[in-house]
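**Q** Got a file for you: my_file_13.txt, compact mmCIF, N, CA and C atoms.
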```txt
# COMPACT_ATOMS: atom_id res chain seq x y z
N MET R 472 8.10 20.98 -9.17
CA MET R 472 7.09 20.28 -9.96
C MET R 472 5.80 20.22 -9.13
N ALA R 473 4.72 20.59 -9.71
CA ALA R 473 3.42 20.60 -9.03
C ALA R 473 2.81 19.20 -9.04
N ASP R 474 2.05 18.90 -8.00
CA ASP R 474 1.33 17.63 -7.95
C ASP R 474 0.21 17.66 -8.97
N PRO R 475 -0.13 16.50 -9.54
CA PRO R 475 -1.25 16.47 -10.49
C PRO R 475 -2.57 16.71 -9.76
N GLU R 476 -3.56 17.16 -10.52
CA GLU R 476 -4.90 17.34 -9.93
C GLU R 476 -5.53 16.02 -9.55
N SER R 477 -5.23 14.97 -10.34
CA SER R 477 -5.82 13.67 -10.05
C SER R 477 -4.99 12.57 -10.71
N VAL R 478 -5.14 11.37 -10.18
CA VAL R 478 -4.59 10.16 -10.79
C VAL R 478 -5.66 9.09 -10.68
N THR R 479 -5.62 8.13 -11.57
CA THR R 479 -6.60 7.03 -11.49
C THR R 479 -6.02 5.90 -10.65
N LEU R 480 -6.89 5.07 -10.12
CA LEU R 480 -6.45 3.91 -9.36
C LEU R 480 -5.63 2.99 -10.26
N THR R 481 -6.02 2.89 -11.51
CA THR R 481 -5.26 2.07 -12.47
C THR R 481 -3.84 2.58 -12.61
N GLN R 482 -3.67 3.91 -12.72
CA GLN R 482 -2.32 4.49 -12.82
C GLN R 482 -1.49 4.16 -11.59
N LEU R 483 -2.10 4.29 -10.40
CA LEU R 483 -1.37 3.98 -9.18
C LEU R 483 -1.00 2.50 -9.11
N ARG R 484 -1.94 1.63 -9.46
CA ARG R 484 -1.66 0.20 -9.43
C ARG R 484 -0.52 -0.15 -10.38
N GLU R 485 -0.52 0.46 -11.57
CA GLU R 485 0.54 0.20 -12.55
C GLU R 485 1.89 0.70 -12.04
N CYS R 486 1.91 1.88 -11.43
CA CYS R 486 3.15 2.43 -10.86
C CYS R 486 3.74 1.50 -9.81
N PHE R 487 2.91 1.09 -8.86
CA PHE R 487 3.40 0.24 -7.80
C PHE R 487 3.73 -1.16 -8.30
N ALA R 488 2.99 -1.65 -9.29
CA ALA R 488 3.28 -2.97 -9.86
C ALA R 488 4.67 -2.99 -10.51
N SER R 489 5.09 -1.86 -11.05
CA SER R 489 6.40 -1.80 -11.70
C SER R 489 7.56 -2.04 -10.73
N VAL R 490 7.32 -1.87 -9.42
CA VAL R 490 8.34 -2.17 -8.42
C VAL R 490 7.95 -3.38 -7.57
N GLY R 491 6.93 -4.13 -8.00
CA GLY R 491 6.57 -5.38 -7.35
C GLY R 491 5.58 -5.30 -6.21
N ILE R 492 4.87 -4.17 -6.06
CA ILE R 492 3.89 -4.02 -4.99
C ILE R 492 2.48 -4.12 -5.58
N ASP R 493 1.71 -5.09 -5.08
CA ASP R 493 0.35 -5.32 -5.59
C ASP R 493 -0.66 -4.49 -4.79
N LEU R 494 -1.33 -3.58 -5.46
CA LEU R 494 -2.40 -2.81 -4.83
C LEU R 494 -3.75 -3.38 -5.28
N GLY R 495 -3.91 -4.67 -5.09
CA GLY R 495 -5.13 -5.35 -5.50
C GLY R 495 -6.32 -5.01 -4.63
N GLY R 496 -7.34 -5.84 -4.67
CA GLY R 496 -8.60 -5.57 -3.99
C GLY R 496 -8.52 -5.44 -2.48
N ASP R 497 -7.48 -6.02 -1.84
CA ASP R 497 -7.36 -5.95 -0.39
C ASP R 497 -6.58 -4.75 0.09
N PHE R 498 -6.08 -3.94 -0.83
CA PHE R 498 -5.31 -2.75 -0.47
C PHE R 498 -6.20 -1.75 0.26
N VAL R 499 -5.70 -1.18 1.38
CA VAL R 499 -6.46 -0.21 2.16
C VAL R 499 -5.81 1.17 2.11
N LYS R 500 -4.50 1.25 2.47
CA LYS R 500 -3.83 2.54 2.44
C LYS R 500 -2.33 2.37 2.40
N LEU R 501 -1.64 3.46 2.04
CA LEU R 501 -0.18 3.52 2.01
C LEU R 501 0.30 4.56 3.01
N GLU R 502 1.41 4.29 3.67
CA GLU R 502 2.07 5.27 4.53
C GLU R 502 3.52 5.32 4.09
N LEU R 503 4.00 6.50 3.73
CA LEU R 503 5.39 6.66 3.31
C LEU R 503 6.14 7.46 4.36
N HIS R 504 7.24 6.88 4.83
CA HIS R 504 8.13 7.53 5.78
C HIS R 504 9.50 7.65 5.12
N ASP R 505 10.47 8.25 5.79
CA ASP R 505 11.79 8.44 5.19
C ASP R 505 12.45 7.14 4.74
N ASP R 506 12.29 6.08 5.52
CA ASP R 506 13.00 4.84 5.20
C ASP R 506 12.11 3.61 5.04
N VAL R 507 10.79 3.81 5.03
CA VAL R 507 9.88 2.67 4.90
C VAL R 507 8.56 3.08 4.25
N LEU R 508 8.04 2.19 3.42
CA LEU R 508 6.70 2.32 2.86
C LEU R 508 5.87 1.22 3.51
N ILE R 509 4.74 1.58 4.11
CA ILE R 509 3.87 0.60 4.75
C ILE R 509 2.63 0.44 3.89
N VAL R 510 2.40 -0.79 3.43
CA VAL R 510 1.24 -1.12 2.61
C VAL R 510 0.23 -1.81 3.52
N GLN R 511 -0.91 -1.18 3.75
CA GLN R 511 -1.95 -1.74 4.62
C GLN R 511 -2.95 -2.52 3.77
N ARG R 512 -3.25 -3.75 4.20
CA ARG R 512 -4.21 -4.60 3.48
C ARG R 512 -5.20 -5.21 4.47
N LEU R 513 -6.38 -5.57 3.96
CA LEU R 513 -7.39 -6.28 4.76
C LEU R 513 -6.87 -7.64 5.17
N ILE R 514 -7.27 -8.07 6.35
CA ILE R 514 -7.03 -9.45 6.78
C ILE R 514 -8.31 -10.21 6.47
N ARG R 515 -8.19 -11.33 5.77
CA ARG R 515 -9.35 -12.13 5.39
C ARG R 515 -9.37 -13.46 6.14
N SER R 516 -10.58 -13.93 6.41
CA SER R 516 -10.77 -15.23 7.06
C SER R 516 -10.51 -16.33 6.02
N PRO R 517 -10.39 -17.59 6.47
CA PRO R 517 -10.23 -18.69 5.51
C PRO R 517 -11.39 -18.75 4.50
N ALA R 518 -12.56 -18.24 4.88
CA ALA R 518 -13.71 -18.22 3.96
C ALA R 518 -13.62 -17.07 2.96
N GLY R 519 -12.62 -16.18 3.13
CA GLY R 519 -12.45 -15.07 2.20
C GLY R 519 -13.11 -13.77 2.60
N LEU R 520 -13.76 -13.74 3.77
CA LEU R 520 -14.43 -12.53 4.23
C LEU R 520 -13.48 -11.68 5.07
N PRO R 521 -13.64 -10.34 5.04
CA PRO R 521 -12.81 -9.50 5.90
C PRO R 521 -13.05 -9.84 7.37
N VAL R 522 -11.98 -9.88 8.16
CA VAL R 522 -12.07 -10.18 9.59
C VAL R 522 -12.48 -8.91 10.32
N SER R 523 -13.52 -9.01 11.13
CA SER R 523 -14.06 -7.85 11.86
C SER R 523 -13.25 -7.56 13.12
N ARG R 524 -13.27 -6.28 13.53
CA ARG R 524 -12.72 -5.86 14.81
C ARG R 524 -13.87 -5.73 15.79
N PRO R 525 -13.58 -5.83 17.09
CA PRO R 525 -14.65 -5.70 18.09
C PRO R 525 -15.38 -4.36 18.02
N ASP R 526 -14.72 -3.30 17.54
CA ASP R 526 -15.35 -1.99 17.48
C ASP R 526 -16.18 -1.78 16.21
N GLY R 527 -16.28 -2.81 15.39
CA GLY R 527 -17.11 -2.73 14.20
C GLY R 527 -16.35 -2.49 12.91
N GLY R 528 -15.06 -2.20 12.98
CA GLY R 528 -14.27 -2.02 11.76
C GLY R 528 -13.77 -3.36 11.25
N VAL R 529 -12.81 -3.30 10.35
CA VAL R 529 -12.18 -4.51 9.85
C VAL R 529 -10.71 -4.50 10.22
N GLN R 530 -10.15 -5.69 10.35
CA GLN R 530 -8.73 -5.80 10.69
C GLN R 530 -7.87 -5.60 9.45
N ILE R 531 -6.78 -4.86 9.64
CA ILE R 531 -5.83 -4.66 8.55
C ILE R 531 -4.45 -5.05 9.04
N GLN R 532 -3.57 -5.33 8.09
CA GLN R 532 -2.20 -5.71 8.39
C GLN R 532 -1.27 -4.88 7.52
N GLY R 533 -0.24 -4.35 8.13
CA GLY R 533 0.74 -3.56 7.40
C GLY R 533 1.97 -4.37 7.05
N VAL R 534 2.42 -4.24 5.81
CA VAL R 534 3.65 -4.87 5.35
C VAL R 534 4.63 -3.75 5.08
N GLN R 535 5.82 -3.86 5.67
CA GLN R 535 6.82 -2.81 5.50
C GLN R 535 7.75 -3.13 4.35
N VAL R 536 8.00 -2.12 3.50
CA VAL R 536 8.94 -2.24 2.39
C VAL R 536 10.00 -1.17 2.63
N ALA R 537 11.26 -1.60 2.72
CA ALA R 537 12.34 -0.64 2.97
C ALA R 537 12.50 0.32 1.82
N VAL R 538 12.71 1.60 2.14
CA VAL R 538 13.01 2.62 1.14
C VAL R 538 14.50 2.89 1.26
N VAL R 539 15.25 2.56 0.21
CA VAL R 539 16.71 2.65 0.26
C VAL R 539 17.21 3.76 -0.66
N PRO R 540 18.42 4.26 -0.41
CA PRO R 540 18.98 5.30 -1.27
C PRO R 540 19.25 4.78 -2.69
N GLU R 541 19.23 5.68 -3.64
CA GLU R 541 19.57 5.33 -5.02
C GLU R 541 21.03 4.90 -5.07
N PRO R 542 21.36 3.87 -5.86
CA PRO R 542 22.77 3.51 -6.01
C PRO R 542 23.51 4.64 -6.75
N PRO R 543 24.82 4.76 -6.54
CA PRO R 543 25.57 5.79 -7.25
C PRO R 543 25.48 5.60 -8.77
N ALA R 544 25.49 6.70 -9.48
CA ALA R 544 25.43 6.62 -10.95
C ALA R 544 26.60 5.80 -11.48
N GLY R 545 26.28 4.93 -12.44
CA GLY R 545 27.30 4.09 -13.05
C GLY R 545 27.70 2.91 -12.17
N GLY R 546 27.00 2.70 -11.04
CA GLY R 546 27.35 1.62 -10.11
C GLY R 546 26.66 0.40 -10.44
```
Can the structure in the file be given as structure tokens, please?
**A**
Amino acid sequence: MADPESVTLTQLRECFASVGIDLGGDFVKLELHDDVLIVQRLIRSPAGLPVSRPDGGVQIQGVQVAVVPEPPAGG
């Protein structure tokens, strides 16, 4: 199966929402490995602003979601 030429952010948000992952406004990037999906999000201050890094970027935090095998059919 070939990859699509494009997908919309709305399509991606809906896909991930169907399994309980929010790709809201603080979403930065996804990393998929064999056994884990890492969702990177902005870290915000109590005032709601992105927290800066000393090098001029913004701080992000990764949340790990385990990727598990499919249960056996009929299980």
**Q** Which distance in Å separates atom CA of Ile514 of chain R and atom C of Lys500 of chain R, to one decimal?
**A** 13.5 Å
**Q** Report the distance between atom N of Asp506 of chain R and atom CA of Val539 of chain R in Å, rounded to one decimal place.
**A**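 Spanning atom N of Asp506 of chain R to atom CA of Val539 of chain R is a straight-line distance of 7.7 Å.
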**Q** So, counting only C-alpha atoms, which residue among R:Val478, R:Val536, R:Ser489, R:Asp497 is closest to Val522 of chain R?
**A**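 Of the candidates, the smallest distance to Val522 of chain R is held by R:Asp497.
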**Q** If you run DSSP on the backbone, which residues of chain R are alpha helix (DSSP H), as a VMD selection string?
**A** chain R and resid 480 to 488
**Q** When you count only C-alpha atoms, which of these residues is closest to Val534 of chain R: R:Ala488, R:Ala473, R:Glu502, R:Leu483?
**A** R:Glu502
**Q** Counting only C-alpha atoms, write as a VMD selection string all protein and nucleic acid residues lying at most 12 Å from (-4.3, -2.4, -0.5) in the file's frame.
**A** chain R and resid 480 483 to 484 487 492 to 502 509 to 514 531 to 534
